[in-house]
$ cat entry_19.txt   # compact mmCIF, C-alpha atoms
# COMPACT_ATOMS: atom_id res chain seq x y z
CA MET A 1 -0.63 48.78 -65.87
CA THR A 2 -1.34 50.20 -62.43
CA THR A 3 -1.90 53.90 -62.05
CA ASP A 4 -0.40 56.27 -59.53
CA ALA A 5 -2.41 57.19 -56.50
CA SER A 6 -3.69 60.75 -56.49
CA SER A 7 -1.13 63.39 -55.65
CA THR A 8 -3.47 64.40 -52.82
CA ALA A 9 -3.42 60.91 -51.26
CA PRO A 10 -2.63 60.86 -47.53
CA GLU A 11 0.95 60.35 -46.37
CA PRO A 12 1.76 56.63 -46.29
CA GLN A 13 3.66 54.86 -43.56
CA ALA A 14 7.29 53.95 -44.29
CA VAL A 15 6.44 50.81 -46.23
CA ILE A 16 9.00 51.53 -48.94
CA ALA A 17 11.81 52.66 -46.63
CA PRO A 18 15.28 51.51 -47.72
CA LEU A 19 16.39 48.07 -46.61
CA THR A 20 18.22 48.13 -43.28
CA GLY A 21 20.71 45.99 -41.40
CA ALA A 22 18.41 45.15 -38.49
CA ALA A 23 14.71 44.66 -37.85
CA ILE A 24 12.28 43.50 -35.18
CA PHE A 25 9.01 41.90 -36.22
CA LEU A 26 6.64 42.23 -33.28
CA VAL A 27 3.17 40.67 -33.53
CA VAL A 28 0.73 41.08 -30.64
CA VAL A 29 -2.80 39.98 -29.81
CA LEU A 30 -5.13 42.72 -28.53
CA ASN A 31 -6.69 41.56 -25.27
CA PRO A 32 -10.47 41.84 -24.71
CA GLY A 33 -11.94 45.08 -23.38
CA GLU A 34 -12.55 48.57 -24.73
CA GLU A 35 -9.87 49.95 -22.40
CA ASN A 36 -7.31 47.80 -24.22
CA ALA A 37 -8.55 48.93 -27.63
CA GLN A 38 -8.22 52.53 -26.48
CA ALA A 39 -4.68 51.90 -25.24
CA LEU A 40 -3.77 50.73 -28.74
CA ARG A 41 -5.42 53.79 -30.33
CA ASP A 42 -3.53 56.07 -27.95
CA LEU A 43 -0.21 54.42 -28.84
CA CYS A 44 -0.88 54.80 -32.56
CA ALA A 45 -1.80 58.48 -32.14
CA GLY A 46 1.61 59.21 -30.62
CA LEU A 47 3.75 56.62 -32.37
CA ALA A 48 5.38 59.05 -34.82
CA GLY A 49 6.64 61.16 -31.92
CA LEU A 50 7.96 58.07 -30.17
CA VAL A 51 9.87 57.01 -33.30
CA ARG A 52 11.34 60.51 -33.59
CA ALA A 53 12.40 60.55 -29.93
CA VAL A 54 14.16 57.18 -30.09
CA GLY A 55 15.59 57.83 -33.55
CA PHE A 56 17.07 61.19 -32.47
CA ARG A 57 19.78 59.26 -30.64
CA ASP A 58 21.28 58.41 -34.03
CA LEU A 59 19.90 60.35 -36.97
CA GLU A 60 21.91 58.15 -39.33
CA GLY A 61 20.21 55.04 -37.91
CA HIS A 62 17.15 55.40 -40.17
CA LEU A 63 14.71 54.15 -37.53
CA SER A 64 11.18 53.51 -38.77
CA CYS A 65 8.10 51.60 -37.71
CA VAL A 66 5.24 50.33 -39.86
CA THR A 67 2.07 49.35 -38.01
CA GLY A 68 -0.54 47.01 -39.47
CA PHE A 69 -3.81 45.53 -38.20
CA GLY A 70 -5.56 42.21 -38.70
CA ALA A 71 -9.21 42.07 -39.75
CA ALA A 72 -10.75 41.36 -36.33
CA CYS A 73 -8.60 43.98 -34.61
CA TRP A 74 -9.44 46.59 -37.25
CA ASP A 75 -13.14 46.10 -36.60
CA ARG A 76 -12.56 46.69 -32.88
CA ILE A 77 -10.43 49.81 -33.11
CA ALA A 78 -11.73 51.50 -36.25
CA GLY A 79 -15.39 50.60 -36.65
CA ARG A 80 -17.35 48.75 -39.28
CA ASP A 81 -15.81 50.29 -42.40
CA ARG A 82 -13.15 47.77 -43.48
CA PRO A 83 -10.58 48.09 -46.30
CA ALA A 84 -11.69 46.14 -49.36
CA GLY A 85 -8.90 43.55 -49.22
CA LEU A 86 -8.69 43.00 -45.47
CA HIS A 87 -9.62 39.51 -44.26
CA PRO A 88 -8.02 36.82 -42.09
CA PHE A 89 -4.93 35.12 -43.51
CA ARG A 90 -6.01 32.32 -45.85
CA GLU A 91 -4.55 29.01 -44.83
CA ILE A 92 -3.41 26.65 -47.59
CA LYS A 93 -3.11 22.87 -47.27
CA ALA A 94 -1.66 20.83 -50.13
CA GLY A 95 -0.29 17.41 -49.34
CA PRO A 96 2.48 17.77 -46.73
CA ARG A 97 2.77 21.52 -47.43
CA HIS A 98 0.88 23.85 -45.13
CA ALA A 99 0.72 27.65 -45.09
CA VAL A 100 -0.56 28.04 -41.55
CA ALA A 101 -2.69 30.87 -40.15
CA THR A 102 -1.67 31.89 -36.62
CA PRO A 103 -3.01 34.36 -34.03
CA GLY A 104 -1.95 37.99 -34.32
CA ASP A 105 -3.81 41.33 -34.30
CA VAL A 106 -1.13 43.99 -34.73
CA LEU A 107 2.23 44.01 -36.50
CA PHE A 108 5.01 46.43 -35.62
CA HIS A 109 7.69 46.22 -38.33
CA ILE A 110 10.61 48.09 -36.78
CA ARG A 111 13.68 48.80 -38.93
CA ALA A 112 17.00 50.57 -38.42
CA SER A 113 20.65 50.26 -39.27
CA ARG A 114 21.31 49.30 -35.63
CA MET A 115 19.57 46.65 -33.53
CA ASP A 116 19.77 48.77 -30.37
CA LEU A 117 17.49 51.39 -31.94
CA CYS A 118 15.00 48.68 -32.94
CA PHE A 119 15.11 47.14 -29.47
CA GLU A 120 14.62 50.45 -27.68
CA LEU A 121 11.57 51.31 -29.80
CA ALA A 122 10.08 47.85 -29.28
CA SER A 123 10.61 48.24 -25.53
CA GLN A 124 8.91 51.65 -25.50
CA ILE A 125 5.96 50.29 -27.49
CA MET A 126 5.48 47.36 -25.10
CA THR A 127 5.80 49.65 -22.07
CA ARG A 128 2.98 51.82 -23.39
CA LEU A 129 0.73 48.93 -24.33
CA GLY A 130 1.40 46.99 -21.12
CA PRO A 131 -1.43 44.56 -20.26
CA ALA A 132 -3.49 45.64 -23.28
CA VAL A 133 -1.76 43.08 -25.49
CA THR A 134 -0.18 39.64 -25.42
CA VAL A 135 2.92 39.03 -27.53
CA ALA A 136 2.34 36.37 -30.21
CA GLU A 137 5.79 36.53 -31.76
CA GLU A 138 8.94 38.63 -31.63
CA VAL A 139 11.62 37.94 -34.21
CA HIS A 140 14.93 39.80 -34.45
CA GLY A 141 16.18 39.89 -38.03
CA PHE A 142 19.66 40.73 -39.26
CA ARG A 143 21.42 41.41 -42.53
CA TYR A 144 23.47 38.41 -43.63
CA PHE A 145 26.49 39.38 -45.73
CA ASP A 146 25.35 40.83 -49.10
CA ASP A 147 21.59 40.58 -48.41
CA ARG A 148 21.62 36.77 -48.47
CA ASP A 149 19.31 34.40 -46.65
CA LEU A 150 20.58 31.53 -44.54
CA ILE A 151 20.40 29.11 -47.46
CA GLY A 152 23.00 31.23 -49.24
CA PHE A 153 21.02 33.12 -51.93
CA VAL A 154 20.51 36.87 -52.32
CA ASP A 155 16.96 37.80 -51.28
CA GLY A 156 14.84 40.67 -52.62
CA THR A 157 16.68 41.18 -55.91
CA GLU A 158 13.54 41.98 -57.90
CA ASN A 159 12.13 44.67 -55.58
CA PRO A 160 10.81 47.72 -57.46
CA THR A 161 12.16 51.11 -56.45
CA GLY A 162 11.01 54.71 -56.45
CA ALA A 163 7.70 55.45 -58.15
CA ALA A 164 7.34 51.83 -59.25
CA ALA A 165 7.51 50.72 -55.61
CA ALA A 166 4.83 53.23 -54.63
CA ARG A 167 2.56 51.98 -57.42
CA ALA A 168 3.13 48.40 -56.28
CA VAL A 169 2.27 48.87 -52.62
CA LEU A 170 0.05 51.93 -52.10
CA ILE A 171 -3.74 51.78 -52.41
CA GLY A 172 -5.13 54.35 -54.82
CA GLY A 173 -8.48 55.14 -56.39
CA GLU A 174 -9.65 51.52 -56.26
CA ASP A 175 -10.43 52.01 -52.53
CA PRO A 176 -10.34 55.80 -52.01
CA ALA A 177 -11.36 55.77 -48.34
CA PHE A 178 -8.10 53.92 -47.63
CA ALA A 179 -5.82 55.55 -50.21
CA GLY A 180 -2.21 55.70 -49.12
CA GLY A 181 -2.56 52.46 -47.18
CA SER A 182 -1.10 49.07 -48.00
CA TYR A 183 -1.38 45.38 -47.17
CA VAL A 184 1.33 43.20 -45.70
CA ILE A 185 1.59 39.43 -45.40
CA VAL A 186 4.17 37.94 -43.03
CA GLN A 187 5.34 34.38 -42.44
CA GLN A 188 8.16 32.72 -40.53
CA TYR A 189 9.91 29.97 -42.48
CA LEU A 190 12.30 27.51 -40.81
CA HIS A 191 14.92 25.86 -43.05
CA ASP A 192 16.47 22.42 -42.85
CA VAL A 193 19.89 23.86 -43.68
CA ALA A 194 21.74 20.59 -43.19
CA ARG A 195 19.64 18.81 -45.82
CA TRP A 196 19.75 21.85 -48.10
CA ASN A 197 23.54 21.96 -47.98
CA GLU A 198 23.70 18.33 -49.06
CA LEU A 199 22.27 19.35 -52.44
CA PRO A 200 24.71 20.17 -55.26
CA VAL A 201 24.80 23.91 -55.93
CA GLU A 202 23.45 23.37 -59.45
CA LYS A 203 20.32 21.73 -58.02
CA GLN A 204 19.91 24.51 -55.46
CA GLU A 205 20.08 27.05 -58.27
CA LYS A 206 17.32 25.30 -60.21
CA ILE A 207 15.09 25.31 -57.13
CA ILE A 208 15.63 29.05 -56.57
CA GLY A 209 15.87 30.05 -60.25
CA ARG A 210 19.04 32.13 -59.84
CA THR A 211 22.77 31.48 -59.64
CA LYS A 212 24.04 31.28 -56.09
CA LEU A 213 27.27 33.27 -56.32
CA SER A 214 26.49 35.93 -58.92
CA ASP A 215 22.69 36.21 -58.30
CA ILE A 216 21.83 36.09 -62.01
CA GLU A 217 18.43 34.77 -63.02
CA LEU A 218 18.56 31.47 -64.91
CA SER A 219 17.49 31.58 -68.54
CA ASP A 220 14.04 30.22 -69.38
CA GLY A 221 15.65 27.30 -71.17
CA VAL A 222 17.43 26.21 -67.98
CA LYS A 223 15.06 27.32 -65.22
CA PRO A 224 12.45 24.65 -64.37
CA SER A 225 8.76 25.54 -64.04
CA TYR A 226 8.88 24.70 -60.33
CA ALA A 227 11.62 27.27 -59.59
CA HIS A 228 10.78 29.62 -56.74
CA ASN A 229 11.08 32.77 -58.83
CA ALA A 230 8.99 31.26 -61.63
CA LEU A 231 6.08 30.44 -59.32
CA THR A 232 6.20 33.82 -57.56
CA THR A 233 6.11 35.88 -60.75
CA ILE A 234 2.52 37.11 -61.15
CA THR A 235 1.15 38.78 -64.26
CA GLY A 236 -2.03 40.81 -64.57
CA ASP A 237 -4.72 40.72 -67.22
CA ASP A 238 -2.63 43.10 -69.34
CA GLY A 239 0.34 40.71 -69.33
CA GLU A 240 2.51 42.95 -67.14
CA GLN A 241 4.15 41.70 -63.97
CA VAL A 242 2.35 42.67 -60.75
CA GLN A 243 5.05 43.58 -58.25
CA ILE A 244 5.34 43.62 -54.48
CA VAL A 245 8.00 44.96 -52.10
CA ARG A 246 9.75 42.37 -49.91
CA ASP A 247 11.84 43.15 -46.85
CA ASN A 248 12.71 39.60 -45.80
CA MET A 249 15.26 39.09 -43.04
CA PRO A 250 17.20 36.07 -41.80
CA PHE A 251 16.81 35.06 -38.16
CA GLY A 252 18.00 32.12 -36.14
CA SER A 253 19.71 30.50 -33.21
CA ALA A 254 22.92 28.64 -33.96
CA GLY A 255 22.88 26.81 -30.64
CA ASP A 256 19.66 24.93 -31.35
CA GLY A 257 20.07 24.76 -35.12
CA ARG A 258 17.17 27.11 -35.83
CA TYR A 259 17.69 28.85 -39.18
CA GLY A 260 14.90 30.91 -40.68
CA THR A 261 13.66 33.60 -43.02
CA TYR A 262 11.02 36.10 -41.98
CA PHE A 263 9.02 36.73 -45.13
CA ILE A 264 7.36 40.14 -45.26
CA GLY A 265 5.70 41.36 -48.43
CA TYR A 266 3.90 44.67 -48.97
CA ALA A 267 1.36 44.98 -51.78
CA ARG A 268 -1.43 47.19 -53.07
CA SER A 269 -3.74 44.18 -52.99
CA PRO A 270 -3.27 41.03 -50.89
CA ALA A 271 -4.46 38.98 -53.89
CA THR A 272 -0.99 39.25 -55.45
CA ILE A 273 0.83 37.59 -52.55
CA GLU A 274 -2.02 35.14 -52.00
CA GLN A 275 -1.61 33.96 -55.58
CA MET A 276 2.14 33.60 -55.06
CA LEU A 277 1.53 31.42 -52.00
CA LEU A 278 -1.08 29.36 -53.83
CA ASN A 279 1.41 28.74 -56.65
CA MET A 280 4.12 27.80 -54.16
CA PHE A 281 2.12 25.45 -51.93
CA ALA A 282 -0.45 23.96 -54.33
CA GLY A 283 1.47 24.41 -57.58
CA SER A 284 0.91 26.03 -60.94
CA PRO A 285 -0.46 23.92 -62.47
CA GLU A 286 -1.61 21.99 -59.43
CA GLY A 287 1.16 19.67 -58.24
CA ASN A 288 3.97 21.76 -59.76
CA TYR A 289 4.84 23.20 -56.35
CA ASP A 290 7.85 25.16 -55.09
CA ARG A 291 10.55 22.59 -54.29
CA LEU A 292 12.02 24.98 -51.74
CA LEU A 293 9.16 23.85 -49.51
CA ASP A 294 10.78 20.41 -49.30
CA PHE A 295 13.39 22.14 -47.12
CA SER A 296 11.44 25.07 -45.61
CA THR A 297 8.40 25.03 -43.33
CA ALA A 298 6.01 27.93 -42.71
CA VAL A 299 5.32 28.18 -38.96
CA THR A 300 3.30 31.43 -38.85
CA GLY A 301 1.00 33.36 -41.22
CA HIS A 302 -0.72 36.75 -40.98
CA LEU A 303 -2.38 39.39 -43.18
CA PHE A 304 -2.47 43.00 -41.98
CA PHE A 305 -3.74 46.33 -43.32
CA VAL A 306 -1.34 49.26 -43.01
CA PRO A 307 -3.30 52.53 -42.85
CA ALA A 308 -1.96 55.86 -44.08
CA VAL A 309 -0.49 58.09 -41.38
CA PRO A 310 -3.52 60.38 -40.80
CA LEU A 311 -5.80 57.38 -40.33
CA LEU A 312 -3.30 55.61 -38.06
CA GLU A 313 -3.21 58.67 -35.82
CA ASN A 314 -7.01 59.04 -35.69
CA LEU A 315 -8.35 55.53 -35.20
CA GLY A 316 -11.86 55.01 -33.88
CA PRO A 317 -15.43 54.61 -35.17
CA ALA A 318 -15.79 58.39 -35.49
CA ALA A 319 -12.42 58.95 -37.15
CA ARG A 320 -13.92 59.24 -40.64
CA PRO A 321 -17.28 58.74 -42.39
CA ALA A 322 -18.20 55.29 -43.59
CA ARG A 323 -18.49 54.65 -47.32
CA GLU A 324 -21.79 54.19 -49.04
CA PRO A 325 -21.98 50.47 -49.93
CA GLY A 326 -20.44 49.83 -53.33
CA THR A 327 -19.55 53.47 -54.04
CA GLY A 328 -16.36 54.33 -52.19
CA LEU A 329 -18.05 57.65 -51.29
CA ALA A 330 -18.64 59.03 -47.84
CA ALA A 331 -21.96 58.04 -46.37
CA SER A 332 -24.43 60.44 -44.88
CA PRO A 333 -24.71 60.43 -41.07
CA ASP A 334 -28.02 58.57 -41.29
CA SER A 335 -26.72 55.86 -43.59
CA ALA A 336 -23.51 55.49 -41.55
CA ALA A 337 -25.56 54.80 -38.44
CA SER A 338 -27.39 51.82 -39.88
CA PRO A 339 -25.65 48.55 -40.75
CA ASP A 340 -25.28 47.53 -44.38
CA PRO A 341 -27.21 44.26 -44.80
CA ALA A 342 -25.06 43.35 -47.80
CA ALA A 343 -21.80 43.74 -45.91
CA SER A 344 -19.78 40.56 -45.53
CA PRO A 345 -18.00 39.76 -42.25
CA ASP A 346 -15.02 38.54 -44.29
CA PRO A 347 -14.78 40.62 -47.48
CA VAL A 348 -12.47 39.42 -50.22
CA ALA A 349 -10.04 41.59 -52.12
CA GLY A 350 -11.67 44.37 -54.10
CA PRO A 351 -11.04 45.21 -57.73
CA GLY A 352 -7.60 46.61 -56.93
CA PRO A 353 -5.34 48.12 -59.55
CA ALA A 354 -5.93 47.33 -63.17
CA ALA A 355 -3.12 44.79 -63.36
CA SER A 356 -3.97 42.86 -60.20
CA PRO A 357 -4.20 39.08 -60.61
CA PRO A 358 -7.37 37.09 -60.04
CA ALA A 359 -7.91 36.38 -56.35
CA PRO A 360 -7.50 32.80 -55.16
CA ASP A 361 -10.64 30.78 -54.62
CA PRO A 362 -12.49 31.78 -51.44
CA PRO A 363 -11.68 29.79 -48.30
CA GLY A 364 -13.76 27.08 -46.76
CA PRO A 365 -15.74 27.56 -43.55
CA ASP A 366 -12.60 27.25 -41.40
CA GLY A 367 -10.66 29.83 -43.47
CA SER A 368 -8.50 27.20 -45.21
CA LEU A 369 -8.17 27.13 -48.99
CA LYS A 370 -8.27 23.28 -48.65
CA ILE A 371 -6.20 22.64 -51.74
CA GLY A 372 -6.08 18.95 -50.86
CA SER A 373 -9.84 18.70 -51.23
CA LEU A 374 -10.43 20.51 -54.51
CA LYS A 375 -12.24 17.42 -55.84
CA GLY A 376 -14.37 16.91 -52.76
CA ALA A 377 -12.09 14.51 -50.90
CA PRO A 378 -10.64 15.39 -47.50
CA GLY A 379 -7.34 17.23 -47.67
CA ASP A 380 -4.23 15.11 -47.22
CA GLY A 381 -2.22 17.78 -45.44
$ encode --input "entry_19.txt" --output "structure tokens"
Amino acid sequence: MTTDASSTAPEPQAVIAPLTGAAIFLVVVLNPGEENAQALRDLCAGLAGLVRAVGFRDLEGHLSCVTGFGAACWDRIAGRDRPAGLHPFREIKAGPRHAVATPGDVLFHIRASRMDLCFELASQIMTRLGPAVTVAEEVHGFRYFDDRDLIGFVDGTENPTGAAAARAVLIGGEDPAFAGGSYVIVQQYLHDVARWNELPVEKQEKIIGRTKLSDIELSDGVKPSYAHNALTTITGDDGEQVQIVRDNMPFGSAGDGRYGTYFIGYARSPATIEQMLLNMFAGSPEGNYDRLLDFSTAVTGHLFFVPAVPLLENLGPAARPAREPGTGLAASPDSAASPDPAASPDPVAGPGPAASPPAPDPPGPDGSLKIGSLKGAPGDG
């Protein structure tokens, strides 16, 4: 069982804000140059005030913005001390299935009950960043009827709430220098809705693992082992389920037949979602993959660290002391000035909470998990 973060942990960003009717997922690449890194720091220092100013136009609009950083960007804007679980998104190749890794340094997850609030905040953010960044992706998500995705099923049913949600997504004593932070993995999935709709509803339900109309989970005697919700249920060493918080949103363009789901999952350790993706794409056991991927294709993939509010507002190499290697304690000025020879340029997830699952195997030299080549042969995907 995971334990609560200390009551003195820093204020987290709004990672467990209530689900909203609109969202913008804005991913940017930080352009070279210290002046551009400083422009990003300056934006983050004043972002809370910007959200308040835009949100004041409709106090019932529940405007919020969560900001996360990729591994390379974090090193540029915050110095050498990196959160234990922060590393580039781990690509997975397994036959024709491919969880791609795509460029992206900063995520702005903007949510509100109204799209105009989201759009205004995104516009203000881009105005302030200007030439410091290049937009990698901008996706406008919307609520679809009763929280359904574009393939017709309710999404996010199993999200924890309240204190359970905080335990699931907020870093605690396992990485005290970054307590109150979180990790987020995002992917765009495009669906072949025409082919999906040709399937009988009963077959669709077995692929998802829930009934389509009533959103009731299928019994174990009916649900196949390849069902989506079977493969994405992760248990820790203590046998308890390790939870995440999803805030997926549909997106699309009816004119060109583009129907998608923007997957966004927050977790206390990225290892949880990485194991879900490994189960989906490679299978558990290997080959028993998520049949939803016969109809859905991942076209982007990113992993970001979401710092607590005080750290977000004080980014920079001098914002806080570095940790002594392997201790989680603040380093002395002398030790912080010298590099740690044991430090890895691409650290894997740390010990995490007690119930965290085992991390997937480390990636190959190109960052891919190379599932197709587990036995030494070239991958077939």
$ closest_residue --input "entry_19.txt" --among "A:Gln124, A:Asn36, A:Asn31, A:Gln187" --to "Ile110 in chain A" --atoms "all atoms listed in the file"
A:Gln124
$ atom_distance --input "entry_19.txt" --atom1 "CA of Ser113 in chain A" --atom2 "CA of Phe251 in chain A"
15.7 Å
$ closest_residue --input "entry_19.txt" --among "A:Leu129, A:Leu43, A:Ala17, A:Val306" --to "Leu170 in chain A" --atoms "all atoms listed in the file"
A:Val306
$ residues_around --input "entry_19.txt" --residues "range 226-243 of chain A" --least-positions-apart "3" --cutoff "9 Å" --atoms "all atoms listed in the file" --output "ChimeraX atom specification"
/A:1-2,158-160,164-165,167-169,205-210,217,223,267,272-273,275-277,279-280,283-284,288-292,354-358
$ atom_distance --input "entry_19.txt" --atom1 "CA of Val27 in chain A" --atom2 "CA of Gly180 in chain A"
22.3 Å
$ closest_residue --input "entry_19.txt" --among "A:Val299, A:Val28, A:Ala94, A:Leu312" --to "Phe108 in chain A" --atoms "only C-alpha atoms"
A:Val28
$ closest_residue --input "entry_19.txt" --among "A:Leu278, A:Leu86, A:Val186, A:Met115" --to "Phe142 in chain A" --atoms "only C-alpha atoms"
A:Met115
$ residues_around --input "entry_19.txt" --residues "Gly252 in chain A" --least-positions-apart "2" --cutoff "10 Å" --atoms "all atoms listed in the file" --output "PyMOL selection string"
chain A and resi 139-142+150+190-191+250+254-262
$ residues_around --input "entry_19.txt" --residues "Arg41 in chain A" --least-positions-apart "5" --cutoff "10 Å" --atoms "only C-alpha atoms" --output "ChimeraX atom specification"
/A:35-36,46-47,77-78,129,312-316
$ atom_distance --input "entry_19.txt" --atom1 "CA of Gly287 in chain A" --atom2 "CA of Val154 in chain A"
26.6 Å
$ closest_residue --input "entry_19.txt" --among "A:Ala112, A:Ala166, A:Ala39, A:Val184" --to "Ile125 in chain A" --atoms "all atoms listed in the file"
A:Ala39
$ closest_residue --input "entry_19.txt" --among "A:Ala271, A:Arg76, A:Gly152, A:Pro131" --to "Asn197 in chain A" --atoms "all atoms listed in the file"
A:Gly152
$ residues_around --input "entry_19.txt" --residues "Val15 in chain A" --least-positions-apart "5" --cutoff "8 Å" --atoms "all atoms listed in the file" --output "PyMOL selection string"
chain A and resi 66+169+182+266
$ axis_aligned_box --input "entry_19.txt" --around "range 163-178 of chain A" --padding-each-side "4 Å" --output "lines of an AutoDock Vina configuration file"
center_x = -1.8
center_y = 52.1
center_z = -53.4
size_x = 27.1
size_y = 15.4
size_z = 19.6
$ build_atoms --input "entry_19.txt" --residues "range 67-86 of chain A" --atoms "N, CA and C atoms" --output "PDB file, keeping the file's coordinate frame"
ATOM      1  N   THR A  67       3.060  50.001 -38.857  1.00  0.00           N
ATOM      2  CA  THR A  67       2.070  49.350 -38.010  1.00  0.00           C
ATOM      3  C   THR A  67       0.903  48.870 -38.862  1.00  0.00           C
ATOM      4  N   GLY A  68       0.563  47.589 -38.715  1.00  0.00           N
ATOM      5  CA  GLY A  68      -0.540  47.010 -39.470  1.00  0.00           C
ATOM      6  C   GLY A  68      -1.493  46.281 -38.549  1.00  0.00           C
ATOM      7  N   PHE A  69      -2.744  46.091 -39.023  1.00  0.00           N
ATOM      8  CA  PHE A  69      -3.810  45.530 -38.200  1.00  0.00           C
ATOM      9  C   PHE A  69      -4.502  44.385 -38.917  1.00  0.00           C
ATOM     10  N   GLY A  70      -4.776  43.309 -38.173  1.00  0.00           N
ATOM     11  CA  GLY A  70      -5.560  42.210 -38.700  1.00  0.00           C
ATOM     12  C   GLY A  70      -7.027  42.580 -38.774  1.00  0.00           C
ATOM     13  N   ALA A  71      -7.809  41.754 -39.473  1.00  0.00           N
ATOM     14  CA  ALA A  71      -9.210  42.070 -39.750  1.00  0.00           C
ATOM     15  C   ALA A  71     -10.030  42.245 -38.471  1.00  0.00           C
ATOM     16  N   ALA A  72      -9.942  41.290 -37.542  1.00  0.00           N
ATOM     17  CA  ALA A  72     -10.750  41.360 -36.330  1.00  0.00           C
ATOM     18  C   ALA A  72     -10.368  42.560 -35.475  1.00  0.00           C
ATOM     19  N   CYS A  73      -9.067  42.830 -35.387  1.00  0.00           N
ATOM     20  CA  CYS A  73      -8.600  43.980 -34.610  1.00  0.00           C
ATOM     21  C   CYS A  73      -9.061  45.286 -35.241  1.00  0.00           C
ATOM     22  N   TRP A  74      -9.001  45.366 -36.567  1.00  0.00           N
ATOM     23  CA  TRP A  74      -9.440  46.590 -37.250  1.00  0.00           C
ATOM     24  C   TRP A  74     -10.897  46.896 -36.924  1.00  0.00           C
ATOM     25  N   ASP A  75     -11.730  45.878 -36.921  1.00  0.00           N
ATOM     26  CA  ASP A  75     -13.140  46.100 -36.600  1.00  0.00           C
ATOM     27  C   ASP A  75     -13.302  46.653 -35.191  1.00  0.00           C
ATOM     28  N   ARG A  76     -12.454  46.224 -34.263  1.00  0.00           N
ATOM     29  CA  ARG A  76     -12.560  46.690 -32.880  1.00  0.00           C
ATOM     30  C   ARG A  76     -12.091  48.122 -32.705  1.00  0.00           C
ATOM     31  N   ILE A  77     -11.025  48.500 -33.388  1.00  0.00           N
ATOM     32  CA  ILE A  77     -10.430  49.810 -33.110  1.00  0.00           C
ATOM     33  C   ILE A  77     -10.855  50.895 -34.082  1.00  0.00           C
ATOM     34  N   ALA A  78     -11.434  50.502 -35.221  1.00  0.00           N
ATOM     35  CA  ALA A  78     -11.730  51.500 -36.250  1.00  0.00           C
ATOM     36  C   ALA A  78     -13.170  51.494 -36.720  1.00  0.00           C
ATOM     37  N   GLY A  79     -14.002  50.596 -36.238  1.00  0.00           N
ATOM     38  CA  GLY A  79     -15.390  50.600 -36.650  1.00  0.00           C
ATOM     39  C   GLY A  79     -15.669  49.668 -37.802  1.00  0.00           C
ATOM     40  N   ARG A  80     -16.880  49.757 -38.338  1.00  0.00           N
ATOM     41  CA  ARG A  80     -17.350  48.750 -39.280  1.00  0.00           C
ATOM     42  C   ARG A  80     -16.790  48.906 -40.685  1.00  0.00           C
ATOM     43  N   ASP A  81     -16.279  50.070 -41.045  1.00  0.00           N
ATOM     44  CA  ASP A  81     -15.810  50.290 -42.400  1.00  0.00           C
ATOM     45  C   ASP A  81     -14.440  49.638 -42.560  1.00  0.00           C
ATOM     46  N   ARG A  82     -14.373  48.570 -43.365  1.00  0.00           N
ATOM     47  CA  ARG A  82     -13.150  47.770 -43.480  1.00  0.00           C
ATOM     48  C   ARG A  82     -12.538  47.947 -44.874  1.00  0.00           C
ATOM     49  N   PRO A  83     -11.209  48.037 -44.978  1.00  0.00           N
ATOM     50  CA  PRO A  83     -10.580  48.090 -46.300  1.00  0.00           C
ATOM     51  C   PRO A  83     -11.005  46.905 -47.163  1.00  0.00           C
ATOM     52  N   ALA A  84     -11.093  47.125 -48.460  1.00  0.00           N
ATOM     53  CA  ALA A  84     -11.690  46.140 -49.360  1.00  0.00           C
ATOM     54  C   ALA A  84     -10.969  44.801 -49.334  1.00  0.00           C
ATOM     55  N   GLY A  85      -9.654  44.792 -49.151  1.00  0.00           N
ATOM     56  CA  GLY A  85      -8.900  43.550 -49.220  1.00  0.00           C
ATOM     57  C   GLY A  85      -8.564  42.939 -47.879  1.00  0.00           C
ATOM     58  N   LEU A  86      -9.078  43.484 -46.791  1.00  0.00           N
ATOM     59  CA  LEU A  86      -8.690  43.000 -45.470  1.00  0.00           C
ATOM     60  C   LEU A  86      -9.563  41.828 -45.040  1.00  0.00           C
TER      61      LEU A  86
END
